[in-house]
Amino acid sequence: MDNVNFEIDYLQYSIKDNPMMFTDRPTYRKSPMSFYQTVSEHIGGIKVYTGNPNSEKQLVVMSGKTCEFHRERIPEIIESVIENGGSFSRIDFSATTDDGETLAKFVDAIANNRWESRRFKNDKPKMITDEKTNVETCYVGDLKKRGKKGIFRA
């Protein structure tokens, strides 16, 4: 493989007292997420959901773009959440390569039913192609249930 980058691509965690030191002035608005009344958005896109009537905990969400913005701080954030009694409900990892041959082998294995998965055994893969029908991205798993079951994206 020529070049492979392994990164955390999404973080979501609950914590009672958020140990993150935000130095910016967040924007506040009504939360679009059920069970939370307010969301504050901080520098780089960190979203902190508060006001859950069933829990004193905050829900912190860092999308892929947010993780990229805070890339150097990700290890510190994870350590701080663990040390302060938080719990992760979602961590997405990405492995990106500029080697098209690796993706081609994966796509071939899926196309010829040479793969196994307990989690995704009944889910049909979805291929994203360019205008020449070259596969650029392959999803395994039900995209509609990705929040609950997860997905695999190559």
# chains A, B, ... in the order shown; residues from 1 in each chain; ligands from 1

$ residues_around --residues "segment 2-19 of chain A" --least-positions-apart "5" --cutoff "7 Å" --atoms "only C-alpha atoms" --output "tab-separated table (two decimals) with N, CA and C atoms, in the first residue's frame"
chain	number	residue	atom	x	y	z
A	56	GLU	N	-28.76	14.00	33.75
A	56	GLU	CA	-28.00	15.22	33.99
A	56	GLU	C	-26.83	15.35	33.01
A	57	LYS	N	-26.61	14.30	32.24
A	57	LYS	CA	-25.45	14.29	31.35
A	57	LYS	C	-25.67	15.12	30.09
A	58	GLN	N	-24.57	15.59	29.57
A	58	GLN	CA	-24.54	16.29	28.29
A	58	GLN	C	-24.17	15.27	27.23
A	59	LEU	N	-24.60	15.50	26.00
A	59	LEU	CA	-24.20	14.66	24.88
A	59	LEU	C	-23.30	15.53	23.99
A	60	VAL	N	-22.09	15.07	23.77
A	60	VAL	CA	-21.13	15.81	22.95
A	60	VAL	C	-20.94	15.06	21.64
A	61	VAL	N	-21.08	15.77	20.52
A	61	VAL	CA	-20.98	15.16	19.20
A	61	VAL	C	-19.92	15.89	18.38
A	62	MET	N	-19.01	15.09	17.83
A	62	MET	CA	-17.96	15.61	16.95
A	62	MET	C	-18.04	14.87	15.62
A	63	SER	N	-18.52	15.55	14.58
A	63	SER	CA	-18.63	14.95	13.25
A	63	SER	C	-17.25	14.75	12.63
A	64	GLY	N	-17.23	14.20	11.43
A	64	GLY	CA	-15.97	13.99	10.73
A	64	GLY	C	-15.20	15.29	10.51
A	67	CYS	N	-13.84	16.43	13.86
A	67	CYS	CA	-12.67	15.64	14.25
A	67	CYS	C	-11.44	16.09	13.46
A	80	SER	N	-9.50	12.60	28.52
A	80	SER	CA	-10.25	13.45	29.45
A	80	SER	C	-11.65	12.90	29.71
A	85	GLY	N	-15.28	10.14	33.83
A	85	GLY	CA	-16.46	9.31	33.96
A	85	GLY	C	-17.44	9.36	32.79
A	86	GLY	N	-17.00	9.87	31.66
A	86	GLY	CA	-17.86	9.90	30.48
A	86	GLY	C	-17.94	8.53	29.83
A	87	SER	N	-18.90	8.38	28.94
A	87	SER	CA	-19.00	7.11	28.21
A	87	SER	C	-19.26	7.40	26.74
A	88	PHE	N	-18.54	6.68	25.91
A	88	PHE	CA	-18.66	6.84	24.46
A	88	PHE	C	-19.81	5.98	23.95
A	89	SER	N	-20.67	6.59	23.15
A	89	SER	CA	-21.75	5.84	22.52
A	89	SER	C	-21.45	5.60	21.05
A	90	ARG	N	-20.46	6.31	20.53
A	90	ARG	CA	-20.09	6.10	19.13
A	90	ARG	C	-18.69	6.62	18.87
A	91	ILE	N	-17.89	5.78	18.24
A	91	ILE	CA	-16.56	6.16	17.76
A	91	ILE	C	-16.43	5.54	16.37
A	92	ASP	N	-16.27	6.37	15.35
A	92	ASP	CA	-16.08	5.89	13.99
A	92	ASP	C	-14.60	6.02	13.63
A	93	PHE	N	-14.08	5.00	12.99
A	93	PHE	CA	-12.70	5.02	12.51
A	93	PHE	C	-12.71	5.02	10.99
A	94	SER	N	-11.70	5.64	10.41
A	94	SER	CA	-11.57	5.58	8.96
A	94	SER	C	-10.16	5.13	8.61
A	95	ALA	N	-10.07	4.39	7.55
A	95	ALA	CA	-8.79	3.99	6.97
A	95	ALA	C	-8.87	4.41	5.51
A	96	THR	N	-8.05	5.34	5.12
A	96	THR	CA	-8.09	5.87	3.76
A	96	THR	C	-6.76	5.56	3.09
A	97	THR	N	-6.84	5.07	1.87
A	97	THR	CA	-5.64	4.75	1.13
A	97	THR	C	-5.72	5.34	-0.27
A	98	ASP	N	-4.57	5.64	-0.81
A	98	ASP	CA	-4.55	6.12	-2.20
A	98	ASP	C	-4.26	4.96	-3.15
A	99	ASP	N	-4.32	3.74	-2.60
A	99	ASP	CA	-4.08	2.53	-3.38
A	99	ASP	C	-5.42	1.96	-3.86

$ select_by_dssp --residues "segment 64-125 of chain A" --states "strand (DSSP E or B)" --output "list in words"
Ser87, Phe88, Ser89, Arg90, Ile91, Asp92, Phe93, Ser94, Ala95, Thr96 and Thr97 of chain A

$ select_by_dssp --residues "chain A" --states "helix (DSSP H, G or I)" --output "short mmCIF file (atom, residue, chain, number, x, y, z; two decimals) with all heavy atoms, in the first residue's frame"
data_model
loop_
_atom_site.label_atom_id
_atom_site.label_comp_id
_atom_site.auth_asym_id
_atom_site.auth_seq_id
_atom_site.Cartn_x
_atom_site.Cartn_y
_atom_site.Cartn_z
N ILE A 43 -16.33 26.12 18.63
CA ILE A 43 -15.36 26.26 17.55
C ILE A 43 -15.06 24.90 16.91
O ILE A 43 -14.94 23.89 17.59
CB ILE A 43 -14.06 26.93 18.05
CG1 ILE A 43 -13.17 27.30 16.88
CG2 ILE A 43 -13.33 26.05 19.04
CD1 ILE A 43 -12.07 28.28 17.22
N GLY A 44 -15.02 24.89 15.61
CA GLY A 44 -14.74 23.67 14.87
C GLY A 44 -15.95 22.77 14.71
O GLY A 44 -15.85 21.71 14.10
N GLY A 45 -17.09 23.14 15.28
CA GLY A 45 -18.31 22.36 15.10
C GLY A 45 -18.66 21.39 16.22
O GLY A 45 -19.57 20.58 16.06
N GLY A 64 -17.23 14.20 11.43
CA GLY A 64 -15.97 13.99 10.73
C GLY A 64 -15.20 15.29 10.51
O GLY A 64 -14.00 15.36 10.74
N LYS A 65 -15.90 16.33 10.07
CA LYS A 65 -15.24 17.63 9.86
C LYS A 65 -14.74 18.21 11.17
O LYS A 65 -13.67 18.81 11.22
CB LYS A 65 -16.22 18.61 9.20
CG LYS A 65 -16.45 18.32 7.73
CD LYS A 65 -17.36 19.36 7.11
CE LYS A 65 -17.61 19.02 5.65
NZ LYS A 65 -18.48 20.00 5.00
N THR A 66 -15.50 18.01 12.24
CA THR A 66 -15.08 18.50 13.55
C THR A 66 -13.86 17.75 14.04
O THR A 66 -12.92 18.36 14.56
CB THR A 66 -16.24 18.38 14.56
OG1 THR A 66 -17.36 19.10 14.05
CG2 THR A 66 -15.86 18.91 15.91
N CYS A 67 -13.84 16.43 13.86
CA CYS A 67 -12.67 15.64 14.25
C CYS A 67 -11.44 16.09 13.46
O CYS A 67 -10.34 16.17 14.01
CB CYS A 67 -12.93 14.15 14.04
SG CYS A 67 -14.04 13.42 15.25
N GLU A 68 -11.62 16.40 12.19
CA GLU A 68 -10.50 16.89 11.38
C GLU A 68 -9.98 18.22 11.92
O GLU A 68 -8.78 18.43 12.03
CB GLU A 68 -10.94 17.04 9.91
CG GLU A 68 -9.83 17.46 8.98
CD GLU A 68 -8.68 16.46 8.91
OE1 GLU A 68 -8.92 15.25 9.00
OE2 GLU A 68 -7.52 16.92 8.78
N PHE A 69 -10.89 19.11 12.28
CA PHE A 69 -10.51 20.41 12.82
C PHE A 69 -9.72 20.26 14.13
O PHE A 69 -8.76 20.98 14.38
CB PHE A 69 -11.77 21.27 13.06
CG PHE A 69 -11.49 22.66 13.53
CD1 PHE A 69 -11.29 23.68 12.60
CD2 PHE A 69 -11.42 22.97 14.88
CE1 PHE A 69 -11.03 24.97 13.02
CE2 PHE A 69 -11.17 24.26 15.31
CZ PHE A 69 -10.97 25.27 14.37
N ARG A 71 -8.07 17.48 15.13
CA ARG A 71 -7.27 16.25 14.98
C ARG A 71 -6.19 16.11 16.05
O ARG A 71 -6.02 15.05 16.64
CB ARG A 71 -6.64 16.21 13.58
CG ARG A 71 -5.82 14.98 13.29
CD ARG A 71 -6.60 13.70 13.10
NE ARG A 71 -7.65 13.82 12.13
CZ ARG A 71 -8.86 13.26 12.29
NH1 ARG A 71 -9.13 12.53 13.35
NH2 ARG A 71 -9.80 13.40 11.39
N GLU A 72 -5.45 17.16 16.32
CA GLU A 72 -4.33 17.08 17.28
C GLU A 72 -4.81 16.88 18.72
O GLU A 72 -4.07 16.36 19.54
CB GLU A 72 -3.47 18.34 17.19
CG GLU A 72 -2.85 18.56 15.82
CD GLU A 72 -1.94 17.42 15.38
OE1 GLU A 72 -1.15 16.93 16.21
OE2 GLU A 72 -2.04 17.01 14.20
N ARG A 73 -6.05 17.26 19.00
CA ARG A 73 -6.58 17.17 20.37
C ARG A 73 -7.36 15.89 20.65
O ARG A 73 -7.75 15.65 21.79
CB ARG A 73 -7.50 18.37 20.64
CG ARG A 73 -6.77 19.69 20.66
CD ARG A 73 -7.67 20.82 21.09
NE ARG A 73 -8.10 20.62 22.47
CZ ARG A 73 -9.21 21.14 22.98
NH1 ARG A 73 -9.99 21.87 22.25
NH2 ARG A 73 -9.53 20.93 24.24
N ILE A 74 -7.61 15.07 19.63
CA ILE A 74 -8.45 13.88 19.81
C ILE A 74 -7.94 12.97 20.94
O ILE A 74 -8.72 12.58 21.81
CB ILE A 74 -8.59 13.09 18.49
CG1 ILE A 74 -9.31 13.92 17.44
CG2 ILE A 74 -9.29 11.75 18.71
CD1 ILE A 74 -10.80 14.01 17.56
N PRO A 75 -6.64 12.63 21.00
CA PRO A 75 -6.18 11.78 22.12
C PRO A 75 -6.45 12.41 23.48
O PRO A 75 -6.87 11.74 24.42
CB PRO A 75 -4.68 11.61 21.86
CG PRO A 75 -4.52 11.85 20.38
CD PRO A 75 -5.55 12.88 20.04
N GLU A 76 -6.24 13.71 23.59
CA GLU A 76 -6.49 14.43 24.84
C GLU A 76 -7.98 14.41 25.20
O GLU A 76 -8.35 14.22 26.36
CB GLU A 76 -6.01 15.88 24.68
CG GLU A 76 -6.44 16.82 25.77
CD GLU A 76 -6.28 18.29 25.37
OE1 GLU A 76 -5.58 18.59 24.38
OE2 GLU A 76 -6.89 19.12 26.05
N ILE A 77 -8.83 14.58 24.22
CA ILE A 77 -10.28 14.56 24.44
C ILE A 77 -10.71 13.19 24.96
O ILE A 77 -11.43 13.08 25.95
CB ILE A 77 -11.03 14.93 23.15
CG1 ILE A 77 -10.79 16.41 22.81
CG2 ILE A 77 -12.52 14.63 23.28
CD1 ILE A 77 -11.24 16.81 21.42
N ILE A 78 -10.26 12.13 24.30
CA ILE A 78 -10.64 10.77 24.71
C ILE A 78 -10.16 10.49 26.14
O ILE A 78 -10.92 9.98 26.97
CB ILE A 78 -10.08 9.72 23.71
CG1 ILE A 78 -10.81 9.86 22.37
CG2 ILE A 78 -10.20 8.31 24.27
CD1 ILE A 78 -10.22 9.04 21.26
N GLU A 79 -8.93 10.82 26.43
CA GLU A 79 -8.38 10.60 27.77
C GLU A 79 -9.17 11.38 28.82
O GLU A 79 -9.52 10.85 29.88
CB GLU A 79 -6.91 11.03 27.80
CG GLU A 79 -6.22 10.74 29.10
CD GLU A 79 -4.74 11.09 29.05
OE1 GLU A 79 -4.13 11.04 27.95
OE2 GLU A 79 -4.20 11.41 30.11
N SER A 80 -9.50 12.60 28.52
CA SER A 80 -10.25 13.45 29.45
C SER A 80 -11.65 12.90 29.71
O SER A 80 -12.13 12.90 30.85
CB SER A 80 -10.32 14.87 28.90
OG SER A 80 -11.01 15.71 29.78
N VAL A 81 -12.32 12.42 28.67
CA VAL A 81 -13.66 11.86 28.83
C VAL A 81 -13.60 10.63 29.74
O VAL A 81 -14.41 10.50 30.68
CB VAL A 81 -14.28 11.49 27.46
CG1 VAL A 81 -15.55 10.67 27.62
CG2 VAL A 81 -14.54 12.74 26.63
N ILE A 82 -12.65 9.75 29.50
CA ILE A 82 -12.51 8.54 30.32
C ILE A 82 -12.19 8.90 31.77
O ILE A 82 -12.80 8.37 32.70
CB ILE A 82 -11.44 7.60 29.71
CG1 ILE A 82 -11.94 7.06 28.37
CG2 ILE A 82 -11.10 6.47 30.68
CD1 ILE A 82 -10.88 6.35 27.56
N GLU A 83 -11.25 9.82 31.96
CA GLU A 83 -10.85 10.21 33.32
C GLU A 83 -11.98 10.87 34.10
O GLU A 83 -12.00 10.83 35.32
CB GLU A 83 -9.65 11.16 33.27
CG GLU A 83 -8.36 10.50 32.90
CD GLU A 83 -7.19 11.48 32.76
OE1 GLU A 83 -7.42 12.71 32.85
OE2 GLU A 83 -6.07 11.00 32.56
N GLY A 100 -5.79 2.22 -5.10
CA GLY A 100 -7.06 1.75 -5.64
C GLY A 100 -7.16 0.24 -5.72
O GLY A 100 -8.25 -0.33 -5.75
N GLU A 101 -6.03 -0.44 -5.73
CA GLU A 101 -6.02 -1.90 -5.83
C GLU A 101 -6.65 -2.55 -4.58
O GLU A 101 -7.36 -3.54 -4.68
CB GLU A 101 -4.59 -2.41 -6.00
CG GLU A 101 -4.51 -3.89 -6.30
CD GLU A 101 -3.07 -4.32 -6.58
OE1 GLU A 101 -2.31 -3.54 -7.17
OE2 GLU A 101 -2.75 -5.45 -6.17
N THR A 102 -6.42 -1.96 -3.42
CA THR A 102 -6.99 -2.50 -2.19
C THR A 102 -8.50 -2.42 -2.22
O THR A 102 -9.19 -3.39 -1.89
CB THR A 102 -6.45 -1.72 -0.96
OG1 THR A 102 -5.02 -1.82 -0.96
CG2 THR A 102 -6.99 -2.28 0.33
N LEU A 103 -9.04 -1.28 -2.63
CA LEU A 103 -10.49 -1.14 -2.75
C LEU A 103 -11.04 -2.10 -3.80
O LEU A 103 -12.07 -2.73 -3.59
CB LEU A 103 -10.87 0.30 -3.09
CG LEU A 103 -12.38 0.57 -3.25
CD1 LEU A 103 -13.15 0.23 -1.98
CD2 LEU A 103 -12.61 2.02 -3.64
N ALA A 104 -10.34 -2.26 -4.89
CA ALA A 104 -10.79 -3.17 -5.95
C ALA A 104 -10.89 -4.60 -5.43
O ALA A 104 -11.84 -5.31 -5.75
CB ALA A 104 -9.84 -3.09 -7.15
N LYS A 105 -9.93 -5.03 -4.61
CA LYS A 105 -9.97 -6.38 -4.03
C LYS A 105 -11.17 -6.54 -3.10
O LYS A 105 -11.84 -7.57 -3.10
CB LYS A 105 -8.68 -6.68 -3.27
CG LYS A 105 -7.48 -6.91 -4.15
CD LYS A 105 -6.24 -7.15 -3.32
CE LYS A 105 -5.02 -7.29 -4.19
NZ LYS A 105 -3.80 -7.45 -3.37
N PHE A 106 -11.44 -5.51 -2.31
CA PHE A 106 -12.57 -5.54 -1.39
C PHE A 106 -13.88 -5.61 -2.17
O PHE A 106 -14.76 -6.43 -1.87
CB PHE A 106 -12.53 -4.30 -0.49
CG PHE A 106 -13.65 -4.25 0.50
CD1 PHE A 106 -13.65 -5.06 1.63
CD2 PHE A 106 -14.70 -3.36 0.32
CE1 PHE A 106 -14.68 -5.01 2.54
CE2 PHE A 106 -15.75 -3.31 1.24
CZ PHE A 106 -15.72 -4.13 2.35
N VAL A 107 -14.03 -4.77 -3.18
CA VAL A 107 -15.24 -4.74 -4.00
C VAL A 107 -15.43 -6.09 -4.71
O VAL A 107 -16.53 -6.62 -4.78
CB VAL A 107 -15.19 -3.58 -5.01
CG1 VAL A 107 -16.29 -3.69 -6.05
CG2 VAL A 107 -15.28 -2.25 -4.28
N ASP A 108 -14.34 -6.66 -5.20
CA ASP A 108 -14.42 -7.97 -5.86
C ASP A 108 -14.89 -9.05 -4.88
O ASP A 108 -15.71 -9.89 -5.23
CB ASP A 108 -13.04 -8.34 -6.44
CG ASP A 108 -13.08 -9.68 -7.14
OD1 ASP A 108 -13.80 -9.80 -8.16
OD2 ASP A 108 -12.41 -10.61 -6.66
N ALA A 109 -14.38 -9.01 -3.65
CA ALA A 109 -14.80 -9.99 -2.65
C ALA A 109 -16.29 -9.88 -2.36
O ALA A 109 -17.00 -10.88 -2.23
CB ALA A 109 -13.99 -9.81 -1.37
N ILE A 110 -16.78 -8.66 -2.27
CA ILE A 110 -18.21 -8.45 -2.02
C ILE A 110 -19.03 -8.91 -3.23
O ILE A 110 -20.02 -9.61 -3.09
CB ILE A 110 -18.50 -6.98 -1.67
CG1 ILE A 110 -17.95 -6.69 -0.28
CG2 ILE A 110 -19.99 -6.68 -1.74
CD1 ILE A 110 -18.05 -5.26 0.14
N ALA A 111 -18.60 -8.51 -4.41
CA ALA A 111 -19.34 -8.85 -5.63
C ALA A 111 -19.43 -10.36 -5.83
O ALA A 111 -20.41 -10.86 -6.37
CB ALA A 111 -18.68 -8.19 -6.84
N LEU A 143 -27.62 1.78 5.71
CA LEU A 143 -27.36 3.19 5.97
C LEU A 143 -28.44 3.82 6.85
O LEU A 143 -28.16 4.72 7.63
CB LEU A 143 -27.22 3.97 4.66
CG LEU A 143 -25.98 3.63 3.83
CD1 LEU A 143 -26.02 4.32 2.48
CD2 LEU A 143 -24.72 4.00 4.58
N LYS A 144 -29.67 3.33 6.75
CA LYS A 144 -30.77 3.88 7.56
C LYS A 144 -30.62 3.50 9.03
O LYS A 144 -31.16 4.16 9.90
CB LYS A 144 -32.11 3.39 7.03
CG LYS A 144 -32.45 3.95 5.66
CD LYS A 144 -33.75 3.38 5.14
CE LYS A 144 -33.98 3.85 3.71
NZ LYS A 144 -35.08 3.13 3.07
N LYS A 145 -29.89 2.41 9.30
CA LYS A 145 -29.72 1.94 10.68
C LYS A 145 -28.29 2.14 11.18
O LYS A 145 -27.88 1.55 12.17
CB LYS A 145 -30.08 0.45 10.77
CG LYS A 145 -31.53 0.16 10.45
CD LYS A 145 -31.80 -1.33 10.52
CE LYS A 145 -33.23 -1.63 10.12
NZ LYS A 145 -33.48 -3.06 10.04
N ARG A 146 -27.52 2.99 10.50
CA ARG A 146 -26.11 3.14 10.86
C ARG A 146 -25.88 3.66 12.27
O ARG A 146 -24.89 3.35 12.89
CB ARG A 146 -25.39 4.00 9.83
CG ARG A 146 -25.76 5.46 9.86
CD ARG A 146 -24.98 6.21 8.78
NE ARG A 146 -25.37 7.60 8.71
CZ ARG A 146 -26.29 8.09 7.92
NH1 ARG A 146 -26.94 7.29 7.11
NH2 ARG A 146 -26.58 9.37 7.93
N GLY A 147 -26.82 4.47 12.77
CA GLY A 147 -26.68 4.97 14.14
C GLY A 147 -26.83 3.88 15.18
O GLY A 147 -26.27 3.94 16.24
N LYS A 148 -27.57 2.84 14.85
CA LYS A 148 -27.81 1.74 15.78
C LYS A 148 -26.87 0.56 15.55
O LYS A 148 -26.31 0.00 16.48
CB LYS A 148 -29.26 1.27 15.62
CG LYS A 148 -29.92 0.90 16.88
CD LYS A 148 -31.38 0.63 16.66
CE LYS A 148 -32.01 0.78 18.00
NZ LYS A 148 -33.35 1.05 18.07
N LYS A 149 -26.71 0.17 14.29
CA LYS A 149 -25.91 -1.01 13.94
C LYS A 149 -24.51 -0.66 13.47
O LYS A 149 -23.62 -1.49 13.47
CB LYS A 149 -26.59 -1.79 12.81
CG LYS A 149 -27.67 -2.73 13.25
CD LYS A 149 -28.31 -3.44 12.09
CE LYS A 149 -27.36 -4.35 11.36
NZ LYS A 149 -27.99 -5.10 10.27
#

$ closest_residue --among "A:Ala154, A:Lys124, A:Pro26, A:Gln37" --to "Gly141 of chain A" --atoms "only C-alpha atoms"
A:Lys124

$ residues_around --residues "Arg118 of chain A" --least-positions-apart "2" --cutoff "12 Å" --atoms "only C-alpha atoms" --output "short mmCIF file (atom, residue, chain, number, x, y, z; two decimals) with N, CA and C atoms, in the first residue's frame"
data_model
loop_
_atom_site.label_atom_id
_atom_site.label_comp_id
_atom_site.auth_asym_id
_atom_site.auth_seq_id
_atom_site.Cartn_x
_atom_site.Cartn_y
_atom_site.Cartn_z
N TRP A 115 -17.20 -12.82 1.42
CA TRP A 115 -17.01 -12.08 2.66
C TRP A 115 -18.02 -12.59 3.69
N GLU A 116 -17.69 -12.41 4.96
CA GLU A 116 -18.57 -12.84 6.05
C GLU A 116 -18.67 -11.72 7.06
N PHE A 120 -23.52 -7.61 9.51
CA PHE A 120 -24.10 -7.13 8.25
C PHE A 120 -24.54 -8.25 7.31
N LYS A 121 -24.75 -9.47 7.82
CA LYS A 121 -25.00 -10.61 6.95
C LYS A 121 -26.25 -10.47 6.07
N ASN A 122 -27.25 -9.71 6.49
CA ASN A 122 -28.47 -9.57 5.69
C ASN A 122 -28.56 -8.23 4.96
N ASP A 123 -27.52 -7.43 5.05
CA ASP A 123 -27.53 -6.10 4.44
C ASP A 123 -26.84 -6.12 3.08
N VAL A 140 -21.06 -1.19 3.49
CA VAL A 140 -21.65 -2.46 3.90
C VAL A 140 -22.42 -2.17 5.18
N GLY A 141 -23.69 -2.52 5.18
CA GLY A 141 -24.56 -2.23 6.31
C GLY A 141 -25.72 -1.38 5.83
N LYS A 149 -26.71 0.17 14.29
CA LYS A 149 -25.91 -1.01 13.94
C LYS A 149 -24.51 -0.66 13.47
#

$ closest_residue --among "A:Pro53, A:Lys30, A:Asn112, A:Tyr139" --to "Pro125 of chain A" --atoms "only C-alpha atoms"
A:Tyr139
